[in-house]
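Colleague: Below is the file entry.cif, with mmCIF, C-alpha atoms and all ligand atoms.
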data_protein
#
loop_
_atom_site.group_PDB
_atom_site.id
_atom_site.type_symbol
_atom_site.label_atom_id
_atom_site.label_comp_id
_atom_site.auth_asym_id
_atom_site.auth_seq_id
_atom_site.Cartn_x
_atom_site.Cartn_y
_atom_site.Cartn_z
ATOM 1 C CA MET A 1 -13.951 5.077 -16.983
ATOM 2 C CA ALA A 2 -12.353 2.110 -15.300
ATOM 3 C CA ARG A 3 -12.592 1.996 -11.557
ATOM 4 C CA THR A 4 -9.557 1.371 -9.405
ATOM 5 C CA ARG A 5 -9.422 -1.923 -7.521
ATOM 6 C CA THR A 6 -8.191 -1.049 -4.038
ATOM 7 C CA PRO A 7 -7.677 -3.454 -1.127
ATOM 8 C CA VAL A 8 -9.936 -2.481 1.777
ATOM 9 C CA VAL A 9 -6.877 -3.018 3.996
ATOM 10 C CA SER A 10 -3.417 -2.625 2.540
ATOM 11 C CA GLY A 11 -0.953 -5.502 2.707
ATOM 12 C CA TRP A 12 -3.322 -8.210 3.990
ATOM 13 C CA PHE A 13 -3.751 -10.006 0.683
ATOM 14 C CA THR A 14 -2.626 -10.091 -2.924
ATOM 15 C CA GLU A 15 -4.643 -10.862 -6.023
ATOM 16 C CA ASP A 16 -1.516 -12.199 -7.718
ATOM 17 C CA GLY A 17 0.255 -14.615 -5.391
ATOM 18 C CA PRO A 18 4.025 -15.050 -5.656
ATOM 19 C CA ASP A 19 3.613 -18.705 -6.604
ATOM 20 C CA GLY A 20 1.312 -17.885 -9.515
ATOM 21 C CA ARG A 21 -1.725 -19.432 -7.821
ATOM 22 C CA GLY A 22 -3.762 -16.267 -7.694
ATOM 23 C CA PHE A 23 -5.405 -14.776 -4.647
ATOM 24 C CA ARG A 24 -3.632 -15.281 -1.320
ATOM 25 C CA LEU A 25 -3.864 -13.838 2.166
ATOM 26 C CA LEU A 26 -0.565 -12.372 3.346
ATOM 27 C CA GLY A 27 0.811 -12.816 6.831
ATOM 28 C CA THR A 28 4.230 -12.501 8.339
ATOM 29 C CA ARG A 29 6.512 -15.225 9.684
ATOM 30 C CA CYS A 30 9.131 -14.880 12.410
ATOM 31 C CA SER A 31 12.514 -16.239 11.281
ATOM 32 C CA ALA A 32 13.457 -17.190 14.864
ATOM 33 C CA CYS A 33 10.424 -19.257 15.943
ATOM 34 C CA THR A 34 8.531 -19.712 12.593
ATOM 35 C CA ALA A 35 5.299 -18.332 14.138
ATOM 36 C CA VAL A 36 2.941 -16.901 11.490
ATOM 37 C CA PHE A 37 0.766 -13.862 12.100
ATOM 38 C CA PHE A 38 -2.444 -12.755 10.407
ATOM 39 C CA PRO A 39 -3.324 -9.952 10.487
ATOM 40 C CA ARG A 40 0.307 -9.343 9.693
ATOM 41 C CA GLU A 41 2.629 -8.297 12.495
ATOM 42 C CA ASP A 42 5.498 -6.147 11.260
ATOM 43 C CA ALA A 43 6.814 -4.651 14.494
ATOM 44 C CA TYR A 44 7.765 -7.588 16.718
ATOM 45 C CA CYS A 45 7.088 -11.304 17.212
ATOM 46 C CA ARG A 46 4.118 -11.860 19.535
ATOM 47 C CA ASN A 47 4.999 -15.473 20.384
ATOM 48 C CA PRO A 48 5.796 -15.465 24.127
ATOM 49 C CA ARG A 49 8.045 -18.509 23.643
ATOM 50 C CA CYS A 50 10.063 -16.912 20.839
ATOM 51 C CA PRO A 51 13.808 -17.000 21.527
ATOM 52 C CA GLY A 52 14.041 -13.543 19.950
ATOM 53 C CA GLY A 53 16.399 -12.102 17.425
ATOM 54 C CA GLY A 54 14.237 -13.050 14.446
ATOM 55 C CA GLU A 55 12.988 -10.959 11.604
ATOM 56 C CA LEU A 56 9.399 -10.786 10.353
ATOM 57 C CA ALA A 57 9.011 -11.486 6.654
ATOM 58 C CA GLU A 58 5.877 -11.462 4.513
ATOM 59 C CA VAL A 59 4.555 -14.906 3.647
ATOM 60 C CA PRO A 60 1.501 -16.000 1.639
ATOM 61 C CA LEU A 61 -0.879 -18.118 3.727
ATOM 62 C CA SER A 62 -2.207 -21.494 2.655
ATOM 63 C CA PRO A 63 -4.800 -21.117 -0.116
ATOM 64 C CA ARG A 64 -7.074 -23.709 1.516
ATOM 65 C CA GLY A 65 -8.197 -24.551 5.023
ATOM 66 C CA ARG A 66 -11.021 -26.200 6.921
ATOM 67 C CA VAL A 67 -14.076 -24.605 8.469
ATOM 68 C CA TRP A 68 -13.482 -24.256 12.215
ATOM 69 C CA SER A 69 -16.674 -22.333 12.972
ATOM 70 C CA TYR A 70 -19.201 -20.125 11.223
ATOM 71 C CA THR A 71 -22.154 -17.864 11.867
ATOM 72 C CA ASP A 72 -24.445 -15.541 10.024
ATOM 73 C CA GLY A 73 -24.494 -11.801 10.553
ATOM 74 C CA ARG A 74 -28.045 -10.550 10.552
ATOM 75 C CA TYR A 75 -27.319 -7.075 11.814
ATOM 76 C CA ARG A 76 -25.724 -4.210 9.959
ATOM 77 C CA PRO A 77 -21.968 -4.271 10.558
ATOM 78 C CA PRO A 78 -20.822 -1.402 12.772
ATOM 79 C CA ALA A 79 -18.707 1.431 11.445
ATOM 80 C CA PRO A 80 -16.337 1.623 9.731
ATOM 81 C CA TYR A 81 -17.698 -1.189 7.570
ATOM 82 C CA VAL A 82 -20.744 0.724 6.362
ATOM 83 C CA SER A 83 -20.614 4.452 6.895
ATOM 84 C CA ASP A 84 -23.795 5.307 5.034
ATOM 85 C CA PRO A 85 -26.888 4.127 6.977
ATOM 86 C CA ALA A 86 -28.945 4.516 3.810
ATOM 87 C CA ALA A 87 -26.669 2.193 1.837
ATOM 88 C CA PRO A 88 -28.103 -1.203 0.911
ATOM 89 C CA TRP A 89 -27.032 -4.035 3.156
ATOM 90 C CA ALA A 90 -27.606 -7.772 3.140
ATOM 91 C CA PRO A 91 -26.934 -10.467 5.751
ATOM 92 C CA TYR A 92 -23.565 -12.137 5.370
ATOM 93 C CA THR A 93 -21.930 -15.339 6.539
ATOM 94 C CA LEU A 94 -18.788 -15.167 8.667
ATOM 95 C CA VAL A 95 -16.421 -18.151 8.567
ATOM 96 C CA ALA A 96 -13.489 -19.046 10.829
ATOM 97 C CA VAL A 97 -11.047 -21.164 8.836
ATOM 98 C CA GLU A 98 -8.277 -23.281 10.323
ATOM 99 C CA LEU A 99 -5.028 -23.267 8.348
ATOM 100 C CA GLU A 100 -3.233 -26.462 9.313
ATOM 101 C CA ALA A 101 0.243 -25.514 8.077
ATOM 102 C CA GLU A 102 0.203 -22.210 9.933
ATOM 103 C CA GLY A 103 -1.567 -23.559 13.021
ATOM 104 C CA MET A 104 -3.979 -20.651 13.059
ATOM 105 C CA VAL A 105 -7.595 -19.666 12.488
ATOM 106 C CA VAL A 106 -8.448 -16.764 10.180
ATOM 107 C CA LEU A 107 -11.776 -14.996 9.781
ATOM 108 C CA GLY A 108 -13.540 -13.894 6.639
ATOM 109 C CA GLN A 109 -16.897 -13.748 4.934
ATOM 110 C CA ALA A 110 -18.215 -16.568 2.791
ATOM 111 C CA VAL A 111 -18.645 -15.815 -0.896
ATOM 112 C CA PRO A 112 -22.030 -14.270 -1.725
ATOM 113 C CA GLY A 113 -24.684 -16.951 -2.005
ATOM 114 C CA VAL A 114 -23.112 -19.297 0.543
ATOM 115 C CA GLY A 115 -25.026 -19.364 3.828
ATOM 116 C CA VAL A 116 -24.747 -21.294 7.065
ATOM 117 C CA ALA A 117 -26.857 -24.099 5.573
ATOM 118 C CA ASP A 118 -24.122 -24.637 2.984
ATOM 119 C CA LEU A 119 -21.318 -24.965 5.548
ATOM 120 C CA ALA A 120 -20.167 -27.602 8.015
ATOM 121 C CA VAL A 121 -17.303 -27.796 10.484
ATOM 122 C CA GLY A 122 -14.367 -29.534 8.806
ATOM 123 C CA MET A 123 -15.426 -28.623 5.270
ATOM 124 C CA GLU A 124 -12.557 -27.614 2.992
ATOM 125 C CA VAL A 125 -12.697 -24.035 1.770
ATOM 126 C CA GLU A 126 -10.437 -21.882 -0.373
ATOM 127 C CA VAL A 127 -9.715 -18.188 -0.173
ATOM 128 C CA VAL A 128 -10.792 -16.117 -3.165
ATOM 129 C CA GLY A 129 -10.901 -12.455 -3.999
ATOM 130 C CA GLY A 130 -14.121 -10.593 -3.377
ATOM 131 C CA VAL A 131 -15.651 -7.157 -3.338
ATOM 132 C CA LEU A 132 -16.606 -5.475 -0.084
ATOM 133 C CA ASN A 133 -18.018 -2.283 -1.505
ATOM 134 C CA GLU A 134 -18.071 -0.190 -4.649
ATOM 135 C CA ASP A 135 -18.408 3.506 -5.182
ATOM 136 C CA ALA A 136 -18.038 5.841 -8.138
ATOM 137 C CA GLY A 137 -14.307 5.491 -8.547
ATOM 138 C CA THR A 138 -13.231 2.502 -6.513
ATOM 139 C CA VAL A 139 -13.907 -1.203 -6.123
ATOM 140 C CA TRP A 140 -12.916 -2.070 -2.562
ATOM 141 C CA THR A 141 -11.547 -5.596 -2.626
ATOM 142 C CA THR A 142 -11.455 -8.095 0.227
ATOM 143 C CA TRP A 143 -11.245 -11.848 0.670
ATOM 144 C CA HIS A 144 -13.974 -14.483 0.808
ATOM 145 C CA PHE A 145 -14.029 -18.200 1.580
ATOM 146 C CA ARG A 146 -15.624 -20.629 -0.859
ATOM 147 C CA PRO A 147 -16.327 -24.327 -0.262
ATOM 148 C CA VAL A 148 -14.261 -26.645 -2.448
ATOM 149 C CA GLY A 149 -15.795 -29.928 -1.362
ATOM 150 C CA GLY A 150 -18.744 -31.424 0.462
ATOM 151 C CA ALA A 151 -19.184 -31.805 4.194
ATOM 152 C CA GLU A 152 -17.381 -34.679 5.811
HETATM 153 ZN ZN ZN B 1 9.332 -15.367 16.944
#
Any chance you could put this one into structure tokens?
Ligand SMILES: [Zn+2]

Modeller:
Amino acid sequence: MARTRTPVVSGWFTEDGPDGRGFRLLGTRCSACTAVFFPREDAYCRNPRCPGGGELAEVPLSPRGRVWSYTDGRYRPPAPYVSDPAAPWAPYTLVAVELEAEGMVVLGQAVPGVGVADLAVGMEVEVVGGVLNEDAGTVWTTWHFRPVGGAE
């Protein structure tokens, strides 16, 4: 029986971007000040310099960015990431990626197999779909960052 692919958080990314370029993170943009928010902000613009009166609309974020910082997680992530203490767990690499067009830094894990030794500040990375967890009926999808070039 096929398992359902379910985003681990709803509305933060799409596996079928509106421009046909595949996986994209989804944020929101304020029509009054053009500020972009990720995680998405749907209630009100959080830019203190916003003139107000704008509307927040969903917008796909840039598919590529540059490594701003990174670290490796060598402890088990706290709940709610892993609720079963007996479940297998492996160290992971956390990457902060600067998106130039949006003027923001977003966080995510590196693709499996990419560690801190494979990364460098300024390296270009792209966002790709990944799997956070799987159980009997569901594949919980998330996003990962994957290097697209060498270190500068
Ligand atoms: Zn605004």

Colleague: Show me, as a PyMOL selection string, the residues that have an atom within 12 Å of Phe145 (chain A) when counting only C-alpha atoms, minus same-chain residues fewer than 6 positions from it.

Modeller: chain A and resi 23-25+63-67+70+92-98+106-115+119+123-130

Colleague: In Å, how far is it from CA of Glu58 (chain A) to CA of Leu26 (chain A)?

Modeller: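 Between CA of Glu58 (chain A) and CA of Leu26 (chain A) the gap is 6.6 Å.
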
Colleague: Between CA of Cys45 (chain A) and CA of Cys30 (chain A), what distance in Å does the model show, to one decimal?

Modeller: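 CA of Cys30 (chain A) lies 6.3 Å from CA of Cys45 (chain A).
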
Colleague: Go through the chains and note each residue within 9 Å of ligand ZN 1 (chain B), using all atoms listed in the file, then give the set as a count of residues only.

Modeller: 21

Colleague: Name every residue that the PyMOL selection byres (((chain A and resi 5) around 12) and not hetatm) selects in this structure, writing the answer as a short mmCIF file (atom, residue, chain, number, x, y, z; two decimals) with C-alpha atoms, in the frame of the given file with chains first and numbers rising.

Modeller:
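Result written to part-v6.cif:
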data_model
loop_
_atom_site.label_atom_id
_atom_site.label_comp_id
_atom_site.auth_asym_id
_atom_site.auth_seq_id
_atom_site.Cartn_x
_atom_site.Cartn_y
_atom_site.Cartn_z
CA ALA A 2 -12.35 2.11 -15.30
CA ARG A 3 -12.59 2.00 -11.56
CA THR A 4 -9.56 1.37 -9.40
CA THR A 6 -8.19 -1.05 -4.04
CA PRO A 7 -7.68 -3.45 -1.13
CA VAL A 8 -9.94 -2.48 1.78
CA VAL A 9 -6.88 -3.02 4.00
CA SER A 10 -3.42 -2.62 2.54
CA THR A 14 -2.63 -10.09 -2.92
CA GLU A 15 -4.64 -10.86 -6.02
CA GLY A 129 -10.90 -12.46 -4.00
CA GLY A 130 -14.12 -10.59 -3.38
CA VAL A 131 -15.65 -7.16 -3.34
CA LEU A 132 -16.61 -5.48 -0.08
CA ASN A 133 -18.02 -2.28 -1.50
CA GLU A 134 -18.07 -0.19 -4.65
CA ASP A 135 -18.41 3.51 -5.18
CA ALA A 136 -18.04 5.84 -8.14
CA GLY A 137 -14.31 5.49 -8.55
CA THR A 138 -13.23 2.50 -6.51
CA VAL A 139 -13.91 -1.20 -6.12
CA TRP A 140 -12.92 -2.07 -2.56
CA THR A 141 -11.55 -5.60 -2.63
CA THR A 142 -11.46 -8.10 0.23
#

Colleague: Rounded to one decimal, what separation in Å do you get between CA of Glu102 (chain A) and CA of Gly22 (chain A)?

Modeller: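 Interatomic distance, CA of Glu102 (chain A) to CA of Gly22 (chain A): 19.0 Å.
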
Colleague: Smallest atom-to-atom distance to Asp42 (chain A): which of A:Val121, A:Glu100, A:Gly11, A:Leu61, using all atoms listed in the file?

Modeller: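 Under the stated criterion, the closest residue is A:Gly11.
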
Colleague: Which residues would end up in the selection if the PyMOL selection byres (((chain A and resi 73) around 8) and not hetatm) were applied here, given that I need the answer as number ranges by chain?

Modeller: A: 71-72, 74-77, 91-94

Colleague: Give, as lines of an AutoDock Vina configuration file, the centre coordinates and the x, y and z edge lengths in Å to one decimal for an axis-aligned box around all listed atoms of region 16-30 of chain A, padded by 6 Å on each side.

Modeller:
center_x = 1.9
center_y = -15.8
center_z = 1.4
size_x = 26.5
size_y = 19.2
size_z = 33.9

Colleague: Using only C-alpha atoms, pick whichever of A:Val59, A:Ala117, A:Ala43, A:Val105 has the shortest atom-to-atom distance to Phe13 (chain A).

Modeller: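 The answer is A:Val59, which sits nearest to Phe13 (chain A).
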
Colleague: Between A:Arg21, A:Glu41, A:Ala57, A:Ser62, which residue has the minimum interatomic distance to Gly103 (chain A), considering all atoms listed in the file?

Modeller: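 Nearest to Gly103 (chain A): A:Ser62.
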